[in-house]
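Okay, target.tsv is below, TSV, C-alpha atoms and all ligand atoms:
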chain	number	residue	atom	x	y	z
A	1	MET	CA	55.49	-0.91	7.22
A	2	GLN	CA	52.47	-2.64	8.70
A	3	THR	CA	51.66	-3.39	12.30
A	4	ALA	CA	48.37	-3.77	14.18
A	5	LEU	CA	48.61	-0.03	14.94
A	6	THR	CA	49.14	1.13	11.34
A	7	GLU	CA	46.38	-1.17	10.13
A	8	MET	CA	43.90	-0.06	12.76
A	9	PHE	CA	44.22	3.63	11.83
A	10	LYS	CA	45.66	3.42	8.28
A	11	LEU	CA	48.90	5.13	9.34
A	12	LYS	CA	52.15	5.44	7.44
A	13	LEU	CA	54.30	4.84	10.52
A	14	PRO	CA	53.69	2.90	13.76
A	15	ILE	CA	54.09	5.98	15.94
A	16	ILE	CA	51.85	7.79	18.41
A	17	MET	CA	52.75	11.35	19.35
A	18	ALA	CA	52.03	10.84	23.05
A	19	PRO	CA	49.55	12.95	25.02
A	20	MET	CA	51.40	15.55	27.10
A	21	PHE	CA	49.71	17.73	29.68
A	22	LEU	CA	50.21	21.45	28.89
A	23	VAL	CA	52.47	20.60	25.93
A	24	SER	CA	50.34	18.90	23.23
A	25	ASN	CA	48.47	21.39	21.06
A	26	GLU	CA	46.51	21.66	17.84
A	27	ALA	CA	49.49	22.49	15.61
A	28	MET	CA	51.36	19.41	16.87
A	29	ILE	CA	48.36	17.12	16.29
A	30	GLN	CA	47.85	18.54	12.81
A	31	ALA	CA	51.53	17.91	11.99
A	32	ALA	CA	51.20	14.33	13.25
A	33	MET	CA	48.12	13.73	11.10
A	34	ARG	CA	49.73	15.27	7.99
A	35	ASN	CA	52.80	13.10	8.39
A	36	GLY	CA	51.19	9.72	8.84
A	37	ILE	CA	51.25	9.14	12.58
A	38	MET	CA	48.70	9.33	15.40
A	39	GLY	CA	48.59	12.70	17.21
A	40	THR	CA	47.13	12.61	20.72
A	41	PHE	CA	46.52	15.10	23.52
A	42	PRO	CA	45.12	15.04	27.06
A	43	SER	CA	41.54	16.34	27.27
A	44	LEU	CA	42.69	18.31	30.33
A	45	ASN	CA	44.67	20.65	28.05
A	46	TYR	CA	41.24	22.10	27.21
A	47	ARG	CA	39.58	22.81	30.52
A	48	LYS	CA	37.53	25.94	29.74
A	49	GLU	CA	33.87	25.57	28.75
A	50	GLY	CA	33.50	24.69	25.05
A	51	GLU	CA	37.26	24.46	24.34
A	52	LEU	CA	37.42	20.68	23.99
A	53	GLU	CA	34.38	20.52	21.71
A	54	ALA	CA	35.87	23.23	19.49
A	55	ILE	CA	39.27	21.56	19.10
A	56	LEU	CA	37.69	18.17	18.37
A	57	ASN	CA	35.54	19.68	15.62
A	58	GLN	CA	38.60	21.45	14.18
A	59	LEU	CA	40.68	18.27	14.19
A	60	ASN	CA	37.92	16.17	12.61
A	61	ASN	CA	37.52	18.84	9.97
A	62	TYR	CA	41.29	19.15	9.38
A	63	ARG	CA	41.70	15.40	8.98
A	64	ASN	CA	38.80	15.17	6.52
A	65	THR	CA	39.68	18.20	4.39
A	66	GLN	CA	43.50	18.02	4.32
A	67	LYS	CA	43.71	14.41	3.10
A	68	CYS	CA	45.64	13.42	6.21
A	69	ILE	CA	47.44	10.10	6.27
A	70	GLY	CA	47.42	10.03	10.06
A	71	ASN	CA	44.72	10.32	12.70
A	72	PHE	CA	44.17	11.60	16.24
A	73	GLY	CA	43.22	10.52	19.73
A	74	VAL	CA	42.40	11.91	23.16
A	75	ASN	CA	43.82	10.95	26.53
A	76	LEU	CA	41.30	10.78	29.37
A	77	ILE	CA	42.24	10.50	33.02
A	78	VAL	CA	39.48	8.11	34.02
A	79	GLN	CA	39.97	8.62	37.74
A	80	GLN	CA	37.22	9.98	40.00
A	81	THR	CA	39.65	12.68	41.07
A	82	ASN	CA	39.37	14.20	37.57
A	83	PRO	CA	36.36	16.50	37.98
A	84	LEU	CA	35.99	16.94	34.20
A	85	TYR	CA	36.03	13.23	33.33
A	86	LYS	CA	32.29	12.69	32.68
A	87	LYS	CA	31.90	15.93	30.77
A	88	HIS	CA	34.98	15.34	28.64
A	89	LEU	CA	33.94	11.76	27.88
A	90	GLU	CA	30.53	12.96	26.68
A	91	THR	CA	32.14	15.62	24.46
A	92	CYS	CA	34.61	13.12	22.95
A	93	ILE	CA	31.91	10.54	22.27
A	94	LYS	CA	29.79	13.18	20.54
A	95	ALA	CA	32.78	14.03	18.31
A	96	LYS	CA	33.40	10.31	17.63
A	97	VAL	CA	37.05	10.50	18.67
A	98	PRO	CA	38.92	7.72	16.77
A	99	LEU	CA	41.22	6.72	19.64
A	100	PHE	CA	41.08	7.08	23.42
A	101	ILE	CA	44.09	6.59	25.61
A	102	THR	CA	42.93	6.03	29.17
A	103	SER	CA	45.17	6.57	32.15
A	104	LEU	CA	44.75	5.68	35.83
A	105	GLY	CA	41.33	4.40	37.06
A	106	ASN	CA	38.76	2.16	35.38
A	107	PRO	CA	38.26	2.43	31.58
A	108	LYS	CA	34.95	0.46	31.48
A	109	GLU	CA	32.67	3.37	30.54
A	110	VAL	CA	35.07	4.69	27.88
A	111	ILE	CA	35.40	1.27	26.24
A	112	ALA	CA	31.64	0.66	26.15
A	113	GLN	CA	30.82	4.10	24.74
A	114	ALA	CA	33.67	4.23	22.20
A	115	HIS	CA	32.95	0.73	20.89
A	116	ALA	CA	29.33	1.73	20.22
A	117	TYR	CA	30.51	3.79	17.19
A	118	GLY	CA	33.71	1.88	16.35
A	119	GLY	CA	36.15	4.03	18.36
A	120	LYS	CA	39.23	2.30	19.79
A	121	VAL	CA	40.55	2.38	23.34
A	122	PHE	CA	44.16	1.86	24.37
A	123	CYS	CA	44.86	1.72	28.10
A	124	ASP	CA	48.02	3.00	29.77
A	125	VAL	CA	49.42	0.11	31.79
A	126	THR	CA	52.54	-0.16	33.90
A	127	ASN	CA	52.02	-3.71	35.20
A	128	LEU	CA	50.21	-6.97	34.40
A	129	GLU	CA	47.57	-6.52	37.09
A	130	HIS	CA	46.12	-3.33	35.61
A	131	ALA	CA	46.47	-4.84	32.11
A	132	GLU	CA	44.34	-7.80	33.23
A	133	LYS	CA	41.56	-5.44	34.29
A	134	CYS	CA	41.70	-3.52	30.98
A	135	ALA	CA	41.80	-6.74	28.93
A	136	SER	CA	38.77	-8.14	30.75
A	137	LEU	CA	36.86	-4.95	29.86
A	138	GLY	CA	37.72	-5.38	26.17
A	139	CYS	CA	40.39	-2.73	25.50
A	140	ASP	CA	41.81	-2.61	21.95
A	141	GLY	CA	45.43	-2.16	22.93
A	142	PHE	CA	47.87	-1.42	25.73
A	143	ILE	CA	50.21	1.51	26.03
A	144	ALA	CA	53.06	-0.09	27.96
A	145	VAL	CA	54.41	2.80	30.02
A	146	GLY	CA	57.90	1.71	30.96
A	147	LEU	CA	60.76	2.88	33.13
A	148	GLY	CA	62.27	6.18	32.05
A	149	ALA	CA	59.10	7.45	30.33
A	150	GLY	CA	58.09	11.08	30.71
A	151	GLY	CA	55.12	11.63	33.07
A	152	HIS	CA	53.86	8.80	35.28
A	153	ALA	CA	56.62	6.36	34.34
A	154	GLY	CA	56.21	2.70	35.21
A	155	PRO	CA	58.60	0.66	37.36
A	156	TYR	CA	59.55	-1.91	34.68
A	157	PRO	CA	61.70	-1.46	31.55
A	158	ASN	CA	59.86	-1.99	28.26
A	159	MET	CA	62.40	-4.69	27.36
A	160	ILE	CA	60.49	-6.76	29.93
A	161	LEU	CA	57.02	-5.19	30.10
A	162	VAL	CA	56.29	-5.39	26.34
A	163	PRO	CA	57.08	-9.11	25.92
A	164	ALA	CA	55.35	-9.89	29.23
A	165	LEU	CA	52.16	-8.23	27.97
A	166	ARG	CA	52.47	-9.91	24.56
A	167	LYS	CA	52.82	-13.31	26.20
A	168	LYS	CA	49.95	-12.94	28.65
A	169	PHE	CA	47.48	-11.20	26.29
A	170	SER	CA	48.47	-12.55	22.90
A	171	GLY	CA	45.65	-10.95	20.85
A	172	ILE	CA	46.03	-7.42	22.20
A	173	PRO	CA	48.45	-5.02	20.47
A	174	VAL	CA	51.07	-3.40	22.70
A	175	ILE	CA	52.49	0.07	22.08
A	176	ALA	CA	55.76	0.84	23.87
A	177	ALA	CA	55.88	4.22	25.65
A	178	GLY	CA	59.02	5.48	27.31
A	179	GLY	CA	62.64	5.74	26.32
A	180	VAL	CA	62.14	6.06	22.57
A	181	ALA	CA	63.32	9.19	20.77
A	182	THR	CA	65.16	7.74	17.74
A	183	GLY	CA	64.55	5.34	14.85
A	184	GLU	CA	66.89	2.81	16.49
A	185	GLY	CA	64.68	2.90	19.57
A	186	ILE	CA	61.59	2.30	17.42
A	187	LEU	CA	63.25	-0.68	15.73
A	188	SER	CA	64.19	-2.18	19.10
A	189	MET	CA	60.58	-1.95	20.29
A	190	LEU	CA	59.28	-3.46	17.02
A	191	ALA	CA	61.77	-6.31	17.53
A	192	LEU	CA	59.93	-7.05	20.79
A	193	ASN	CA	56.79	-7.53	18.69
A	194	SER	CA	55.21	-4.29	19.83
A	195	ALA	CA	52.72	-2.75	17.39
A	196	GLY	CA	54.50	0.60	17.63
A	197	VAL	CA	55.75	3.27	19.97
A	198	SER	CA	54.34	6.27	21.78
A	199	ILE	CA	56.80	9.16	21.91
A	200	GLY	CA	56.43	12.14	24.24
A	201	THR	CA	59.58	13.90	25.43
A	202	ARG	CA	61.14	14.20	21.91
A	203	PHE	CA	58.17	16.40	20.88
A	204	ILE	CA	58.61	18.88	23.76
A	205	ALA	CA	61.64	20.14	21.79
A	206	SER	CA	59.50	20.93	18.75
A	207	THR	CA	58.90	24.38	17.29
A	208	GLU	CA	55.13	23.86	17.59
A	209	ALA	CA	55.12	23.13	21.36
A	210	GLN	CA	53.97	26.34	23.03
A	211	VAL	CA	56.04	25.99	26.16
A	212	SER	CA	58.74	28.44	27.20
A	213	GLN	CA	62.10	28.48	25.43
A	214	GLU	CA	63.70	27.82	28.85
A	215	TYR	CA	61.79	24.53	29.16
A	216	LYS	CA	62.82	23.41	25.65
A	217	GLN	CA	66.43	24.45	26.35
A	218	ALA	CA	66.37	22.45	29.60
A	219	VAL	CA	65.35	19.36	27.58
A	220	LEU	CA	68.40	19.90	25.32
A	221	ASP	CA	70.76	20.65	28.22
A	222	SER	CA	69.70	17.77	30.48
A	223	GLY	CA	70.97	14.21	30.55
A	224	MET	CA	69.28	11.07	31.82
A	225	GLU	CA	70.79	11.59	35.28
A	226	ASP	CA	68.90	14.90	35.57
A	227	ILE	CA	65.48	13.22	35.55
A	228	VAL	CA	63.91	12.48	38.94
A	229	LEU	CA	60.56	11.12	40.07
A	230	THR	CA	58.51	13.43	42.23
A	231	GLU	CA	55.34	12.85	44.27
A	232	ARG	CA	54.93	16.57	44.79
A	233	LEU	CA	52.87	17.28	41.67
A	234	SER	CA	49.92	14.89	41.63
A	235	GLY	CA	50.67	12.40	44.38
A	236	THR	CA	51.46	9.74	41.72
A	237	PRO	CA	55.22	9.71	40.95
A	238	CYS	CA	55.95	11.84	37.89
A	239	THR	CA	59.24	12.50	36.08
A	240	ILE	CA	60.67	16.02	36.09
A	241	ILE	CA	63.95	17.73	35.32
A	242	ASN	CA	65.88	18.20	38.55
A	243	THR	CA	66.03	22.01	38.42
A	244	PRO	CA	67.17	24.04	41.45
A	245	TYR	CA	63.49	24.67	42.28
A	246	ALA	CA	62.67	20.93	42.06
A	247	LYS	CA	65.59	20.26	44.42
A	248	LYS	CA	64.38	22.96	46.79
A	249	ILE	CA	60.86	21.53	47.18
A	250	GLY	CA	62.06	17.89	47.29
A	251	THR	CA	60.44	14.87	45.67
A	252	GLN	CA	58.56	13.28	48.59
A	253	GLN	CA	55.24	14.17	50.17
A	254	ASN	CA	55.47	15.10	53.87
A	255	TRP	CA	53.94	12.82	56.54
A	256	LEU	CA	50.66	14.76	56.68
A	257	GLU	CA	50.20	14.66	52.90
A	258	LYS	CA	50.97	10.94	52.89
A	259	TRP	CA	48.48	10.32	55.69
A	260	MET	CA	45.75	12.36	53.99
A	261	SER	CA	46.20	10.58	50.67
A	262	ARG	CA	45.80	7.18	52.36
A	263	ASN	CA	43.03	7.92	54.88
A	264	SER	CA	39.69	6.65	53.51
A	265	THR	CA	37.71	9.79	54.40
A	266	THR	CA	40.21	12.39	53.18
A	267	LYS	CA	41.74	10.40	50.27
A	268	LYS	CA	39.49	11.44	47.38
A	269	TYR	CA	39.33	15.17	48.20
A	270	PHE	CA	42.97	15.44	49.15
A	271	LYS	CA	44.07	13.81	45.88
A	272	MET	CA	41.83	16.24	43.98
A	273	LEU	CA	43.33	19.15	45.86
A	274	ILE	CA	46.89	17.97	45.21
A	275	GLN	CA	46.14	17.53	41.53
A	276	ILE	CA	44.67	21.01	41.21
A	277	ARG	CA	47.72	22.42	43.03
A	278	GLY	CA	50.04	20.38	40.77
A	279	ILE	CA	48.27	21.57	37.62
A	280	LYS	CA	48.64	25.18	38.77
A	281	LYS	CA	52.36	24.76	39.50
A	282	LEU	CA	53.02	23.07	36.15
A	283	GLU	CA	50.96	25.66	34.31
A	284	GLU	CA	53.01	28.49	35.81
A	285	ALA	CA	56.22	26.65	35.00
A	286	VAL	CA	55.61	26.18	31.26
A	287	ASN	CA	55.22	29.95	30.81
A	288	PRO	CA	58.23	32.16	30.03
A	289	GLY	CA	60.02	34.02	32.83
A	290	ASN	CA	58.89	31.74	35.63
A	291	TYR	CA	61.59	30.84	38.13
A	292	ASN	CA	59.75	28.00	39.85
A	293	ASN	CA	60.87	25.58	37.19
A	294	LEU	CA	58.93	22.34	37.35
A	295	TRP	CA	59.33	20.77	33.95
A	296	CYS	CA	58.07	17.30	33.15
A	297	ALA	CA	60.29	15.19	30.85
A	298	GLY	CA	61.54	11.62	30.49
A	299	GLN	CA	65.03	10.13	30.34
A	300	THR	CA	65.21	10.50	26.53
A	301	VAL	CA	66.35	14.09	27.17
A	302	GLU	CA	69.74	12.36	26.91
A	303	LEU	CA	69.12	11.76	23.20
A	304	ILE	CA	67.58	15.10	22.22
A	305	HIS	CA	69.86	17.82	20.86
A	306	ASP	CA	67.74	20.09	18.69
A	307	ILE	CA	64.44	21.93	18.53
A	308	LEU	CA	62.80	21.01	15.22
A	309	PRO	CA	59.40	21.23	13.53
A	310	CYS	CA	57.29	18.12	14.25
A	311	GLU	CA	57.36	17.30	10.54
A	312	THR	CA	61.18	17.10	10.59
A	313	ILE	CA	61.18	15.07	13.81
A	314	ILE	CA	58.83	12.52	12.21
A	315	ALA	CA	60.84	12.44	8.94
A	316	ASN	CA	64.06	11.92	10.95
A	317	LEU	CA	62.48	9.07	12.92
A	318	GLU	CA	61.48	7.36	9.67
A	319	GLU	CA	64.92	7.87	8.11
A	320	GLU	CA	66.69	6.62	11.26
A	321	LEU	CA	64.39	3.61	11.44
A	322	ASN	CA	65.20	2.64	7.82
A	323	GLN	CA	68.90	3.20	8.47
A	324	ALA	CA	68.84	1.14	11.66
A	325	TRP	CA	67.12	-1.67	9.80
A	326	LYS	CA	69.79	-1.60	7.05
A	327	VAL	CA	72.61	-1.68	9.60
A	328	LEU	CA	71.00	-4.54	11.46
A	329	SER	CA	70.36	-6.54	8.27
A	330	ASN	CA	73.99	-6.03	7.18
A	331	ASN	CA	75.27	-7.09	10.58
A	332	ILE	CA	73.17	-10.24	10.53
A	333	ASN	CA	74.11	-11.28	6.95
B	1	LIG	C1	55.45	16.73	29.57
B	1	LIG	C2	54.72	15.43	29.62
B	1	LIG	C3	53.38	15.42	29.96
B	1	LIG	C4	52.67	14.21	29.97
B	1	LIG	N1	51.34	14.24	30.23
B	1	LIG	C5	50.61	13.09	30.14
B	1	LIG	C6	49.20	13.11	30.32
B	1	LIG	O1	48.59	14.14	30.54
B	1	LIG	N2	48.54	11.93	30.23
B	1	LIG	C7	49.19	10.75	29.96
B	1	LIG	O2	48.54	9.70	29.88
B	1	LIG	N3	50.52	10.71	29.78
B	1	LIG	C8	51.23	11.85	29.86
B	1	LIG	N4	52.58	11.82	29.64
B	1	LIG	C9	53.21	10.53	29.26
B	1	LIG	C10	53.25	10.38	27.73
B	1	LIG	O3	51.94	10.27	27.22
B	1	LIG	C11	54.08	9.17	27.29
B	1	LIG	O4	53.62	8.01	27.92
B	1	LIG	C12	55.56	9.36	27.60
B	1	LIG	O5	55.96	10.67	27.27
B	1	LIG	C13	56.40	8.38	26.82
B	1	LIG	O6	57.72	8.44	27.24
B	1	LIG	P1	58.86	9.39	26.58
B	1	LIG	O7	58.64	10.72	27.20
B	1	LIG	O8	60.12	8.74	27.00
B	1	LIG	O9	58.67	9.42	25.10
B	1	LIG	C14	53.33	13.00	29.66
B	1	LIG	C15	54.69	13.03	29.34
B	1	LIG	C16	55.38	14.22	29.31
B	1	LIG	C17	56.83	14.22	28.93
Take the structure from the file and write it as structure tokens.
Amino acid sequence: MQTALTEMFKLKLPIIMAPMFLVSNEAMIQAAMRNGIMGTFPSLNYRKEGELEAILNQLNNYRNTQKCIGNFGVNLIVQQTNPLYKKHLETCIKAKVPLFITSLGNPKEVIAQAHAYGGKVFCDVTNLEHAEKCASLGCDGFIAVGLGAGGHAGPYPNMILVPALRKKFSGIPVIAAGGVATGEGILSMLALNSAGVSIGTRFIASTEAQVSQEYKQAVLDSGMEDIVLTERLSGTPCTIINTPYAKKIGTQQNWLEKWMSRNSTTKKYFKMLIQIRGIKKLEEAVNPGNYNNLWCAGQTVELIHDILPCETIIANLEEELNQAWKVLSNNIN
């Protein structure tokens, strides 16, 4: 199977294992690379001094010595409210990271620096306006973050966002993120002329993810109606499982928080503060035995029924994709 994504990184399958804060880890990325897909992680999963540099060296080394048929990438929050942005960008550039996924903010610096050594930059976009900005800066692809995605889900379904991006920016590959957890889902996104898919939530229920068993079980036990958008974590709406704790704290910011995140003098610092508070809350929640359950996940929880090794998840996706293609071809003939 060949798409702009598989050709760009010499992949077996047009799949990105999506970056997931506090969930993505080295074992998951290694499994992705071994099995012919792109493994990605947020740089913010490695916040202690020297951690990011070490993991990047390990991943470069793993890919080169293990004859991997996949590759890896790093997600950078390119917003000024990310205090580690400059430092993490410098570390990634030094390690010649093959793919950057930028979210929020302006990707100009990342694009210029990555292109200098042949690195690629895909930008998370949820609407055409932000896509226009990224396209004018020379991004190599869009991650169309649609309705129902885990994390900062967009307002539009990918059935509309993907073709809209394809039409407006015809030369730029589009990867569909959100709502895909099966081979049938992948096929439907390829039918929209996307270059592939970015899958997050399915990989939370993997044996390699080092989050608590309770979190993984909640992914299996929840349905799409259990996913709500909350402003309480980072200020930007983010999808979480509607646990009793999530219900207790509510999903909206109070009037003072809203005012402080809009006021021009307090905005930057308040957003930083909220993000640090959100990170702390999420960090506590992914550990075992924590009762303040704030667990990020997308609507595909509806489709996930087992905790499996990443290798099996990827093999199943491939098998289901082939099967879905056969069924479709038979139905058409
Ligand atoms: C637990 C979790 C954490 C996430 N963290 C990030 C992140 O740090 N940066 C980012 O750009 N996207 C993040 N996302 C969004 C994913 O990269 C991806 O766009 C999304 O998971 C795709 O939708 P899906 O969950 O339906 O597969 C996160 C998603 C989840 C489920």
Could the residues of chain A that have an atom at most 9 Å from ligand LIG 1 (chain B) be listed as CSV, each with its closest atom pair and the distance in Å to one decimal, counting all atoms listed in the file and ordered by chain and ascending residue number?
residue,atom,partner,partner_atom,distance
A:Met17,CA,B:LIG1,O3,8.0
A:Ala18,CA,B:LIG1,O3,4.2
A:Pro19,CA,B:LIG1,O3,4.2
A:Met20,CA,B:LIG1,N1,3.4
A:Phe21,CA,B:LIG1,O1,3.9
A:Leu22,CA,B:LIG1,C3,6.9
A:Val23,CA,B:LIG1,C1,6.1
A:Ser24,CA,B:LIG1,C3,8.2
A:Thr40,CA,B:LIG1,O3,8.4
A:Phe41,CA,B:LIG1,O1,7.4
A:Pro42,CA,B:LIG1,O1,5.0
A:Ser43,CA,B:LIG1,O1,8.1
A:Leu44,CA,B:LIG1,O1,7.2
A:Asn45,CA,B:LIG1,O1,8.0
A:Asn75,CA,B:LIG1,O2,5.9
A:Leu76,CA,B:LIG1,O2,7.3
A:Ile77,CA,B:LIG1,N2,7.0
A:Ile101,CA,B:LIG1,O2,6.9
A:Thr102,CA,B:LIG1,O2,6.7
A:Ser103,CA,B:LIG1,O2,5.1
A:Leu104,CA,B:LIG1,O2,8.1
A:Cys123,CA,B:LIG1,O2,9.0
A:Asp124,CA,B:LIG1,O2,6.7
A:Ile143,CA,B:LIG1,O4,7.6
A:Ala144,CA,B:LIG1,O4,8.1
A:Val145,CA,B:LIG1,O4,5.7
A:Gly146,CA,B:LIG1,O6,7.7
A:Leu147,CA,B:LIG1,O8,8.5
A:Gly148,CA,B:LIG1,O8,6.1
A:Ala149,CA,B:LIG1,O6,3.5
A:Gly150,CA,B:LIG1,O7,3.6
A:Gly151,CA,B:LIG1,C15,4.0
A:His152,CA,B:LIG1,C9,6.3
A:Ala153,CA,B:LIG1,O4,7.3
A:Ala176,CA,B:LIG1,C13,8.1
A:Ala177,CA,B:LIG1,C13,4.4
A:Gly178,CA,B:LIG1,O6,3.2
A:Gly179,CA,B:LIG1,O8,4.0
A:Val180,CA,B:LIG1,O9,5.5
A:Ala181,CA,B:LIG1,O9,6.4
A:Val197,CA,B:LIG1,O9,8.5
A:Ser198,CA,B:LIG1,C13,5.8
A:Ile199,CA,B:LIG1,O9,3.7
A:Gly200,CA,B:LIG1,O5,3.4
A:Thr201,CA,B:LIG1,O7,3.8
A:Arg202,CA,B:LIG1,O9,6.3
A:Phe203,CA,B:LIG1,O9,8.2
A:Ile204,CA,B:LIG1,C1,7.0
A:Cys238,CA,B:LIG1,C14,8.7
A:Thr239,CA,B:LIG1,C17,7.7
A:Ile240,CA,B:LIG1,C17,8.3
A:Trp295,CA,B:LIG1,C1,7.1
A:Cys296,CA,B:LIG1,C1,4.5
A:Ala297,CA,B:LIG1,C17,4.1
A:Gly298,CA,B:LIG1,O7,4.5
A:Gln299,CA,B:LIG1,O8,6.1
A:Thr300,CA,B:LIG1,O8,5.4
A:Val301,CA,B:LIG1,O8,8.2
Counting only C-alpha atoms, the residue among A:Gln30, A:Ile314, A:Glu7, A:Pro14 that lies closest to A:Thr182 is A:Ile314
Tell me which protein, DNA and RNA residues are within 12 Å of A:Lys247, counting all atoms listed in the file, leaving out same-chain ones fewer than 5 positions away, and put them as number ranges by chain. A: 226-230, 232, 240-242, 252, 292-294
Between A:Ala112, A:Ala191, A:Ile29, A:Ile69, which one has atoms that come closest to A:Asp140, using all atoms listed in the file?
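Closest candidate: A:Ala112.
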| request: Tell me, in Å to one decimal, how far atom CA of A:Ile172 is from atom CA of A:Gly185. | output: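 Interatomic distance here is 21.5 Å.
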Residues within 10 Å of (73.1, 20.2, 25.3), file coordinates, counting all atoms listed in the file: what are they? Give the list as an mmCIF file with C-alpha atoms, in the coordinates of the input.
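And here's part.cif as it stands now:
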data_model
loop_
_atom_site.group_PDB
_atom_site.id
_atom_site.type_symbol
_atom_site.label_atom_id
_atom_site.label_comp_id
_atom_site.auth_asym_id
_atom_site.auth_seq_id
_atom_site.Cartn_x
_atom_site.Cartn_y
_atom_site.Cartn_z
ATOM 1 C CA GLN A 217 66.430 24.450 26.350
ATOM 2 C CA ALA A 218 66.370 22.450 29.600
ATOM 3 C CA VAL A 219 65.350 19.360 27.580
ATOM 4 C CA LEU A 220 68.400 19.900 25.320
ATOM 5 C CA ASP A 221 70.760 20.650 28.220
ATOM 6 C CA SER A 222 69.700 17.770 30.480
ATOM 7 C CA GLY A 223 70.970 14.210 30.550
ATOM 8 C CA VAL A 301 66.350 14.090 27.170
ATOM 9 C CA GLU A 302 69.740 12.360 26.910
ATOM 10 C CA LEU A 303 69.120 11.760 23.200
ATOM 11 C CA ILE A 304 67.580 15.100 22.220
ATOM 12 C CA HIS A 305 69.860 17.820 20.860
ATOM 13 C CA ASP A 306 67.740 20.090 18.690
#
Between A:Thr126, A:Gln113, A:Asn61, A:Ser206, smallest distance to A:Cys310 by only C-alpha atoms belongs to A:Ser206
Using all atoms listed in the file, the shortest atom-to-atom distance to A:Glu132 among A:Glu208, A:Gln79, A:Asn106, A:Gly154 belongs to A:Asn106
- Item | Atomic separation - atom CA of A:Gly39 relative to atom CA of A:Leu99, Å |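 It comes out at 9.8 Å.
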Enclose the full set of atoms of stretch 59-64 of chain A listed in the file within a box whose edges lie along x, y and z, apply 8 Å of padding to each of the six sides, and report centre and edge lengths in Å to one decimal as lines of an AutoDock Vina configuration file.
center_x = 39.6
center_y = 17.2
center_z = 10.4
size_x = 20.2
size_y = 20.0
size_z = 23.7
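If all atoms listed in the file are the atoms counted, then among A:Gln210, A:Ala95, A:Leu11, A:Ala32 the closest residue to A:Leu52 is A:Ala95.
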Atom CA of A:Leu233 sits from atom CA of A:Arg277 at a separation of 7.4 Å
Hey, what's within 12 Å of A:Leu190 if we count only C-alpha atoms and toss same-chain stuff fewer than 6 positions away? As a PDB file with C-alpha atoms, in the coordinates of the input, please?
ATOM      1  CA  MET A   1      55.490  -0.910   7.220  1.00  0.00           C
ATOM      2  CA  GLN A   2      52.470  -2.640   8.700  1.00  0.00           C
ATOM      3  CA  THR A   3      51.660  -3.390  12.300  1.00  0.00           C
ATOM      4  CA  ALA A   4      48.370  -3.770  14.180  1.00  0.00           C
ATOM      5  CA  LEU A   5      48.610  -0.030  14.940  1.00  0.00           C
ATOM      6  CA  LEU A  13      54.300   4.840  10.520  1.00  0.00           C
ATOM      7  CA  PRO A  14      53.690   2.900  13.760  1.00  0.00           C
ATOM      8  CA  ILE A  15      54.090   5.980  15.940  1.00  0.00           C
ATOM      9  CA  ASN A 158      59.860  -1.990  28.260  1.00  0.00           C
ATOM     10  CA  MET A 159      62.400  -4.690  27.360  1.00  0.00           C
ATOM     11  CA  VAL A 162      56.290  -5.390  26.340  1.00  0.00           C
ATOM     12  CA  PRO A 163      57.080  -9.110  25.920  1.00  0.00           C
ATOM     13  CA  PRO A 173      48.450  -5.020  20.470  1.00  0.00           C
ATOM     14  CA  VAL A 174      51.070  -3.400  22.700  1.00  0.00           C
ATOM     15  CA  ILE A 175      52.490   0.070  22.080  1.00  0.00           C
ATOM     16  CA  ALA A 176      55.760   0.840  23.870  1.00  0.00           C
ATOM     17  CA  VAL A 180      62.140   6.060  22.570  1.00  0.00           C
ATOM     18  CA  GLY A 183      64.550   5.340  14.850  1.00  0.00           C
ATOM     19  CA  GLU A 184      66.890   2.810  16.490  1.00  0.00           C
ATOM     20  CA  GLY A 196      54.500   0.600  17.630  1.00  0.00           C
ATOM     21  CA  VAL A 197      55.750   3.270  19.970  1.00  0.00           C
ATOM     22  CA  SER A 198      54.340   6.270  21.780  1.00  0.00           C
ATOM     23  CA  LEU A 321      64.390   3.610  11.440  1.00  0.00           C
ATOM     24  CA  ALA A 324      68.840   1.140  11.660  1.00  0.00           C
ATOM     25  CA  TRP A 325      67.120  -1.670   9.800  1.00  0.00           C
TER      26      TRP A 325
END
